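Asker: Got a structure here, written out as structure tokens. Questions coming.
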Protein chains: 2
Amino acid sequence: MRKVAIVGGGGTKCGKRDANWRELVQEAGKTMFDNIDNLSPKDVEALLVGAAQPERFTFQVHVAPMVAEHLGITPRKVIATTELMCASGQAAIRYAWACVASGMADVAVAFGVEKMFMPDMSEAQTNMTCVLDREWDGVNAMSAPPFFAMTAQRHMHEFGTTKEQMALVSVKNHHYSTMNPLAQFQKEVTVEKVLQSPMVAPPLNLFDCSGITDGAAGVVLVPAEHAKRYTDTPMHIIGSGQVSIGNAINNLASIAEWVPLRMAVKEACTTAKITLKDIDIAELHDCFTISEILEYEAFGWCEKGEGGKFIEEGEPYVGGKIAVNPRGGLLGSGHPLGATAILQTLDIFQQFRGEVPKGRYVSGAKTAVAHNLSGAANVHSLIIYSRD
Amino acid sequence: MRKVAIVGGGGTKCGKRDANWRELVQEAGKTMFDNIDNLSPKDVEALLVGAAQPERFTFQVHVAPMVAEHLGITPRKVIATTELMCASGQAAIRYAWACVASGMADVAVAFGVEKMFMPDMSEAQTNMTCVLDREWDGVNAMSAPPFFAMTAQRHMHEFGTTKEQMALVSVKNHHYSTMNPLAQFQKEVTVEKVLQSPMVAPPLNLFDCSGITDGAAGVVLVPAEHAKRYTDTPMHIIGSGQVSIGNAINNLASIAEWVPLRMAVKEACTTAKITLKDIDIAELHDCFTISEILEYEAFGWCEKGEGGKFIEEGEPYVGGKIAVNPRGGLLGSGHPLGATAILQTLDIFQQFRGEVPKGRYVSGAKTAVAHNLSGAANVHSLIIYSRD
């Protein structure tokens, strides 16, 4: 298995964009190629496109070949779209990784795109009911906000977690996103503002929830031994974990503890031959504020049930125990489904190069984790990156 | 890169099934596990699900974790859905192959499912407009039948190919499908019957076109060195080719010649270290009768323009120059998008084991190719299998 490096990429500004999905692809693609030395579109042998549901949002299938067309590439080895709902972008990275690691391709692009704003936004909301099993959980009125609200209720009941503690996650991530030019949200929020924002599903208010977002991004993967052709600062994939258990809510291992995440963290650290303490930056999947709190616990940065206290004490800030979501997370930067993981990965690359503003820069960082979850938090995917 | 073997699988009867997509998954999954010795659901580390547009046909996303649930497996390494429209199933096989080849997983299931019959079949037809670029080609009234009809028109004009010659492809494939218990169509057709069937898009009549089909299937991939744990007759992946050029019709290299297929054939034979003459069985993507004719030519079994004559002379029959689609092809067996490539692969496996009826058995076959195309025939994917 060949060691694989990421040598750069590019992404769009995220948010409610006055651009169709093709224009987003072109914008991210141009930035990606402009950013990487000695990379020509004709060098790309594999293209993997993370897209959660272009079939519904833009009524298009066969998306990867269309992306290839708009990037001006003709993949001669591998091409496919990958779908894993909110983790679709990480699925693209993982497939691109497998292509390069196995020797099937020497230059692979992992791309992500999602155009979520629709002329009729009630249709976009309808599409998002498919985050969970629409047929089995949807009939019980379960889509993402009520499911994560139930998780929050249970966590509050079991461990005394408060709405204020959850709000602090939103405060932190919106703070960092003001320093991320690609981020959807560019304004600070306060605990009061979060608590006074419209109720979505008790106890989750609007600013406890990540947004509907348009965006696209791409990163380029090559064998580590070729990386210096393209950049002086490659970053390497050194480990990963991905665990899927159950799907329908009645089949989950637990509501208030993410068992598959705990397993995936162990697998990722073992394969990367690191311990938790080696991780300097954590790009975690904060689709809701409660998600990030459960993630502190599942990673093991604090004891089970103490995630609320962990944010209260400022531990997940830059300079704290572990810098969580210095990019601004999904809460601050937006969540363009298929593009989310690519944007996380790109930001880690830029952190390692020291290209991010001082207020969110993790000085001297050498190791980072990117994490996504999907569905009823039944699938968790992690990749560990190192700049060495 | 580890050598990879397929050790068995299972599939459903295809057609208009009185079963929802979950029931199709369960049926194929049970057959798959029943068919493979010493394989327990808990051994499966990777699950890749080929599905073209469950988002539209069944209004579900996050399909792979739901399939995992219905198969009773908890993939601990890799999970994703792969989409490449009509080649979605082969995309799943290729990703599963990359997982095992790279060492990311030791037991990978490549699965495919598509439930295409809908309560309102006009909606299914609408979905199928996404075979091509709905926004760019769709506005010019181009969906799959008119596009392949245009290909046929051009081929007739340039090379004198006749409707009777195209009909012979349908006659052959329906003949073989009568001997395939999983096939959708179980009746012979004649040239007259094809020519008298309703006109779909001139010159293509109904029996020149593959059907709307429900179906599911799965195959299991393991490292070649483990294969004998599961079967005495593993089949090995020995080479592949996949080329994507253009997408919108105005960007194609040619209408009446499939340039990317010619390139993919060369790549597949080179990587497999074989020549065309070594191939005993060809499972080709006969979405329309004209497709198979262009494929005879692009593979090089006959000269360019002589595909019509090739079928007229009986060359693609069992016992002829090359046995093309002894399974019954898409024309005879149906085309459940994401499941199609899995069913092709499964049939090759059964051919190698001598488990198919005599009338379609290719005695002594050692090497086979499985081929799929997608979109405006701009993407072609091939895998070469060997029983040694």
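Letters A, B, ... mark the chains of the structure tokens in the order given; residue numbers begin at 1 per chain; ligand numbers begin at 1, in order shown.
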Tell me which protein, DNA and RNA residues are within 6 Å of range 86-102 of chain B, counting only C-alpha atoms, leaving out same-chain ones fewer than 5 positions away, and put them as a list in words.

Answerer: Met1, Ala98, Ala101 and Ser102 of chain A; Met1, Arg2, Leu48, Val49, Gly50, Ala51, Ala52, Ala108, Ala110, Gly112, Leu337, Gly338, Ala339, Ala341, Ile342, Asn372, Leu373 and Ser374 of chain B

Asker: Only C-alpha atoms, please: the residues just picked out, written as a PDB file, in the first residue's frame.

Answerer:
ATOM      1  CA  MET A   1       0.000   0.000   0.000  1.00  0.00           C
ATOM      2  CA  ALA A  98      -7.606   3.828  -2.287  1.00  0.00           C
ATOM      3  CA  ALA A 101      -2.610   3.695  -2.449  1.00  0.00           C
ATOM      4  CA  SER A 102      -3.348   0.626  -4.579  1.00  0.00           C
TER       5      SER A 102
ATOM      6  CA  MET B   1      -1.163  -4.012  -5.069  1.00  0.00           C
ATOM      7  CA  ARG B   2      -2.719  -7.267  -3.881  1.00  0.00           C
ATOM      8  CA  LEU B  48     -19.840  -0.576  -1.686  1.00  0.00           C
ATOM      9  CA  VAL B  49     -23.300  -0.160  -3.113  1.00  0.00           C
ATOM     10  CA  GLY B  50     -23.911   0.665  -6.733  1.00  0.00           C
ATOM     11  CA  ALA B  51     -27.171   2.546  -7.123  1.00  0.00           C
ATOM     12  CA  ALA B  52     -27.839   5.061  -9.869  1.00  0.00           C
ATOM     13  CA  ALA B 108     -15.525  -6.453   0.594  1.00  0.00           C
ATOM     14  CA  ALA B 110     -19.863  -5.034  -4.007  1.00  0.00           C
ATOM     15  CA  GLY B 112     -26.084  -3.231  -6.509  1.00  0.00           C
ATOM     16  CA  LEU B 337     -28.861   0.117 -13.365  1.00  0.00           C
ATOM     17  CA  GLY B 338     -26.837  -0.308 -10.143  1.00  0.00           C
ATOM     18  CA  ALA B 339     -27.275  -4.088 -10.131  1.00  0.00           C
ATOM     19  CA  ALA B 341     -22.667  -5.007 -13.531  1.00  0.00           C
ATOM     20  CA  ILE B 342     -22.959  -7.182 -10.443  1.00  0.00           C
ATOM     21  CA  ASN B 372     -20.438  -1.111 -18.893  1.00  0.00           C
ATOM     22  CA  LEU B 373     -20.976   2.285 -20.370  1.00  0.00           C
ATOM     23  CA  SER B 374     -22.771   5.287 -18.995  1.00  0.00           C
TER      24      SER B 374
END

Asker: Would you give me, as a PDB file with C-alpha atoms, in the first residue's frame, the residues of chain A that come within 7 Å of chain B, using only C-alpha atoms?

Answerer:
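Writing the result to result07.pdb gives the following:
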ATOM      1  CA  MET A   1       0.000   0.000   0.000  1.00  0.00           C
ATOM      2  CA  GLN A  53     -28.143  14.228  -3.650  1.00  0.00           C
ATOM      3  CA  GLU A  55     -30.451  13.882  -8.120  1.00  0.00           C
ATOM      4  CA  ARG A  56     -32.877  15.886  -6.028  1.00  0.00           C
ATOM      5  CA  GLN A  60     -28.918  15.544 -12.357  1.00  0.00           C
ATOM      6  CA  VAL A  61     -27.355  12.077 -12.203  1.00  0.00           C
ATOM      7  CA  HIS A  62     -24.031  10.970 -13.788  1.00  0.00           C
ATOM      8  CA  PRO A  65     -18.452  12.932 -15.843  1.00  0.00           C
ATOM      9  CA  MET A  66     -20.098  16.349 -15.880  1.00  0.00           C
ATOM     10  CA  GLU A  69     -16.103  18.115 -18.320  1.00  0.00           C
ATOM     11  CA  THR A  74     -10.439  13.262 -19.065  1.00  0.00           C
ATOM     12  CA  PRO A  75      -9.895  10.685 -16.310  1.00  0.00           C
ATOM     13  CA  ARG A  76      -8.249   7.661 -17.879  1.00  0.00           C
ATOM     14  CA  LYS A  77      -8.305   5.334 -14.876  1.00  0.00           C
ATOM     15  CA  VAL A  78     -11.149   5.853 -12.426  1.00  0.00           C
ATOM     16  CA  ALA A  80     -17.309   7.798  -9.974  1.00  0.00           C
ATOM     17  CA  THR A  81     -19.564   9.779  -7.713  1.00  0.00           C
ATOM     18  CA  THR A  82     -19.587   8.762  -4.063  1.00  0.00           C
ATOM     19  CA  GLU A  83     -22.571   9.171  -1.796  1.00  0.00           C
ATOM     20  CA  LEU A  84     -22.613   8.863   1.953  1.00  0.00           C
ATOM     21  CA  MET A  85     -25.035  11.695   2.670  1.00  0.00           C
ATOM     22  CA  ALA A  91     -16.145   9.066   0.787  1.00  0.00           C
ATOM     23  CA  TYR A  95     -11.886   6.324  -2.714  1.00  0.00           C
ATOM     24  CA  ALA A  98      -7.606   3.828  -2.287  1.00  0.00           C
ATOM     25  CA  CYS A  99      -6.928   4.538  -5.980  1.00  0.00           C
ATOM     26  CA  ALA A 101      -2.610   3.695  -2.449  1.00  0.00           C
ATOM     27  CA  SER A 102      -3.348   0.626  -4.579  1.00  0.00           C
ATOM     28  CA  GLY A 103      -1.459   1.994  -7.579  1.00  0.00           C
ATOM     29  CA  CYS A 130     -33.451  11.794   3.569  1.00  0.00           C
ATOM     30  CA  VAL A 131     -30.623  12.373   6.048  1.00  0.00           C
ATOM     31  CA  ARG A 134     -37.165   8.493   5.168  1.00  0.00           C
ATOM     32  CA  GLY A 241     -11.148   4.769  10.730  1.00  0.00           C
ATOM     33  CA  GLN A 242     -14.636   4.309   9.394  1.00  0.00           C
ATOM     34  CA  VAL A 243     -17.323   2.390  11.216  1.00  0.00           C
ATOM     35  CA  SER A 244     -20.969   1.831  10.342  1.00  0.00           C
ATOM     36  CA  ILE A 245     -23.399   0.266  12.808  1.00  0.00           C
ATOM     37  CA  GLY A 246     -27.133   0.170  12.255  1.00  0.00           C
ATOM     38  CA  ASN A 247     -29.100   2.862  10.506  1.00  0.00           C
ATOM     39  CA  GLY A 375     -27.323   9.506   8.850  1.00  0.00           C
TER      40      GLY A 375
END

Asker: Which parts of range 117-224 of chain B does DSSP call helix (DSSP H, G or I) when run on the backbone here, written out as a VMD selection string?

Answerer: chain B and resid 121 to 131 138 to 140 144 to 159 163 to 177 191 to 196 206 to 208 224

Asker: Which residue is closest to Asp137 in chain A? Choose from A:Ile249, A:Glu123, A:Arg229, A:Cys287 and count only C-alpha atoms.

Answerer: A:Ile249

Asker: With a distance cut-off of 6 Å and only C-alpha atoms, select the neighbouring residues of Glu114 in chain B, excluding the residue or stretch itself and same-chain residues fewer than 4 positions from it, and output the selection as a ChimeraX atom specification.

Answerer: /B:214-215,336,338

Asker: Take the residues from that selection and put them in a file with N, CA and C atoms, as a compact mmCIF listing (two decimals), in the first residue's frame.

Answerer:
# COMPACT_ATOMS: atom_id res chain seq x y z
N ASP B 214 -36.46 -3.99 -12.02
CA ASP B 214 -36.12 -4.07 -10.59
C ASP B 214 -35.13 -5.21 -10.40
N GLY B 215 -34.14 -4.99 -9.56
CA GLY B 215 -33.21 -6.10 -9.28
C GLY B 215 -32.14 -5.70 -8.29
N PRO B 336 -31.30 -3.32 -14.37
CA PRO B 336 -31.54 -2.64 -13.10
C PRO B 336 -30.31 -1.81 -12.71
N GLY B 338 -27.90 -0.01 -11.11
CA GLY B 338 -26.84 -0.31 -10.14
C GLY B 338 -26.53 -1.78 -10.00

Asker: Need the shell around His175 in chain A: protein/DNA/RNA residues with any atom at most 12 Å away, counting only C-alpha atoms. Skip same-chain ones fewer than 5 positions apart. Format as a count of residues only?

Answerer: 24

Asker: Under the rule that only C-alpha atoms are counted, which of B:Leu195, B:Val7, B:Met142, B:Leu206 is the nearest residue to Val222 in chain B?

Answerer: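 With only C-alpha atoms as the atom set, the closest residue is B:Val7.
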
Asker: So, counting only C-alpha atoms, which residue among B:Tyr230, B:Phe147, B:Phe349, B:Phe57 is closest to Asn38 in chain B?

Answerer: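 The answer is B:Tyr230, which sits nearest to Asn38 in chain B.
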
Asker: So that I can check the secondary structure, give me every residue of range 143-287 of chain A assigned strand (DSSP E) by backbone DSSP, as number ranges by chain.

Answerer: A: 199-201, 204-205, 215-223, 235-244, 281-283

Asker: Convert the current residue selection to file output with N, CA and C atoms, as an mmCIF file, in the first residue's frame.

Answerer:
data_model
loop_
_atom_site.group_PDB
_atom_site.id
_atom_site.type_symbol
_atom_site.label_atom_id
_atom_site.label_comp_id
_atom_site.auth_asym_id
_atom_site.auth_seq_id
_atom_site.Cartn_x
_atom_site.Cartn_y
_atom_site.Cartn_z
ATOM 1 N N MET A 199 -36.617 28.732 17.475
ATOM 2 C CA MET A 199 -36.559 27.324 17.877
ATOM 3 C C MET A 199 -36.737 26.446 16.633
ATOM 4 N N VAL A 200 -35.847 25.458 16.468
ATOM 5 C CA VAL A 200 -35.984 24.518 15.350
ATOM 6 C C VAL A 200 -36.605 23.225 15.858
ATOM 7 N N ALA A 201 -35.953 22.607 16.842
ATOM 8 C CA ALA A 201 -36.490 21.396 17.466
ATOM 9 C C ALA A 201 -35.936 21.403 18.890
ATOM 10 N N LEU A 204 -32.892 22.577 20.361
ATOM 11 C CA LEU A 204 -31.996 23.196 19.374
ATOM 12 C C LEU A 204 -32.616 24.422 18.727
ATOM 13 N N ASN A 205 -31.942 25.556 18.910
ATOM 14 C CA ASN A 205 -32.362 26.783 18.233
ATOM 15 C C ASN A 205 -31.646 26.877 16.878
ATOM 16 N N GLY A 215 -21.796 25.095 -2.247
ATOM 17 C CA GLY A 215 -20.335 25.156 -2.233
ATOM 18 C C GLY A 215 -19.714 24.011 -3.010
ATOM 19 N N ALA A 216 -18.457 24.180 -3.358
ATOM 20 C CA ALA A 216 -17.700 23.142 -4.058
ATOM 21 C C ALA A 216 -16.230 23.280 -3.694
ATOM 22 N N ALA A 217 -15.513 22.166 -3.780
ATOM 23 C CA ALA A 217 -14.080 22.181 -3.459
ATOM 24 C C ALA A 217 -13.436 20.923 -4.003
ATOM 25 N N GLY A 218 -12.127 21.004 -4.193
ATOM 26 C CA GLY A 218 -11.381 19.836 -4.662
ATOM 27 C C GLY A 218 -9.992 19.800 -4.045
ATOM 28 N N VAL A 219 -9.488 18.587 -3.834
ATOM 29 C CA VAL A 219 -8.097 18.403 -3.401
ATOM 30 C C VAL A 219 -7.463 17.340 -4.293
ATOM 31 N N VAL A 220 -6.141 17.363 -4.358
ATOM 32 C CA VAL A 220 -5.422 16.462 -5.248
ATOM 33 C C VAL A 220 -4.560 15.505 -4.441
ATOM 34 N N LEU A 221 -4.684 14.216 -4.749
ATOM 35 C CA LEU A 221 -3.938 13.169 -4.053
ATOM 36 C C LEU A 221 -2.932 12.531 -5.009
ATOM 37 N N VAL A 222 -1.732 12.318 -4.522
ATOM 38 C CA VAL A 222 -0.674 11.680 -5.328
ATOM 39 C C VAL A 222 0.119 10.742 -4.413
ATOM 40 N N PRO A 223 0.908 9.850 -4.996
ATOM 41 C CA PRO A 223 1.779 9.034 -4.144
ATOM 42 C C PRO A 223 2.768 9.950 -3.408
ATOM 43 N N MET A 235 0.840 17.161 2.581
ATOM 44 C CA MET A 235 0.400 16.546 3.835
ATOM 45 C C MET A 235 0.020 15.102 3.537
ATOM 46 N N HIS A 236 0.279 14.247 4.499
ATOM 47 C CA HIS A 236 0.142 12.814 4.263
ATOM 48 C C HIS A 236 -1.033 12.209 5.014
ATOM 49 N N ILE A 237 -1.658 11.243 4.378
ATOM 50 C CA ILE A 237 -2.659 10.435 5.079
ATOM 51 C C ILE A 237 -1.879 9.384 5.862
ATOM 52 N N ILE A 238 -2.033 9.403 7.184
ATOM 53 C CA ILE A 238 -1.271 8.426 7.973
ATOM 54 C C ILE A 238 -2.161 7.400 8.671
ATOM 55 N N GLY A 239 -3.471 7.612 8.640
ATOM 56 C CA GLY A 239 -4.345 6.624 9.270
ATOM 57 C C GLY A 239 -5.800 6.975 9.040
ATOM 58 N N SER A 240 -6.666 6.025 9.331
ATOM 59 C CA SER A 240 -8.095 6.287 9.162
ATOM 60 C C SER A 240 -8.934 5.292 9.937
ATOM 61 N N GLY A 241 -10.163 5.672 10.133
ATOM 62 C CA GLY A 241 -11.148 4.769 10.730
ATOM 63 C C GLY A 241 -12.504 5.109 10.165
ATOM 64 N N GLN A 242 -13.269 4.097 9.887
ATOM 65 C CA GLN A 242 -14.636 4.309 9.394
ATOM 66 C C GLN A 242 -15.487 3.149 9.875
ATOM 67 N N VAL A 243 -16.488 3.460 10.653
ATOM 68 C CA VAL A 243 -17.323 2.390 11.216
ATOM 69 C C VAL A 243 -18.793 2.713 10.976
ATOM 70 N N SER A 244 -19.535 1.708 10.577
ATOM 71 C CA SER A 244 -20.969 1.831 10.342
ATOM 72 C C SER A 244 -21.702 0.779 11.160
ATOM 73 N N ILE A 281 -5.005 19.489 15.593
ATOM 74 C CA ILE A 281 -6.188 20.136 15.007
ATOM 75 C C ILE A 281 -7.248 19.061 14.775
ATOM 76 N N ALA A 282 -8.480 19.373 15.152
ATOM 77 C CA ALA A 282 -9.584 18.437 14.904
ATOM 78 C C ALA A 282 -10.677 19.148 14.121
ATOM 79 N N GLU A 283 -10.839 18.755 12.886
ATOM 80 C CA GLU A 283 -11.966 19.249 12.094
ATOM 81 C C GLU A 283 -13.100 18.249 12.252
#

Asker: Which one of A:Ala323, A:Ile6, A:Ala253, A:Ala152 sits closest to Glu225 in chain A if you count only C-alpha atoms?

Answerer: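 That would be A:Ile6, the residue with the smallest distance to Glu225 in chain A.
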
Asker: Distance CA of Trp258 in chain B-CA of Phe299 in chain B, one decimal place?

Answerer: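 For CA of Trp258 in chain B relative to CA of Phe299 in chain B, the distance reads 9.8 Å.
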
Asker: Here is a test: counting only C-alpha atoms, which residue of B:Thr178, B:Gln153, B:Gln351, B:Thr233 is nearest to Ile36 in chain B?

Answerer: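 Once distances to Ile36 in chain B are computed over only C-alpha atoms, the minimum belongs to B:Thr233.
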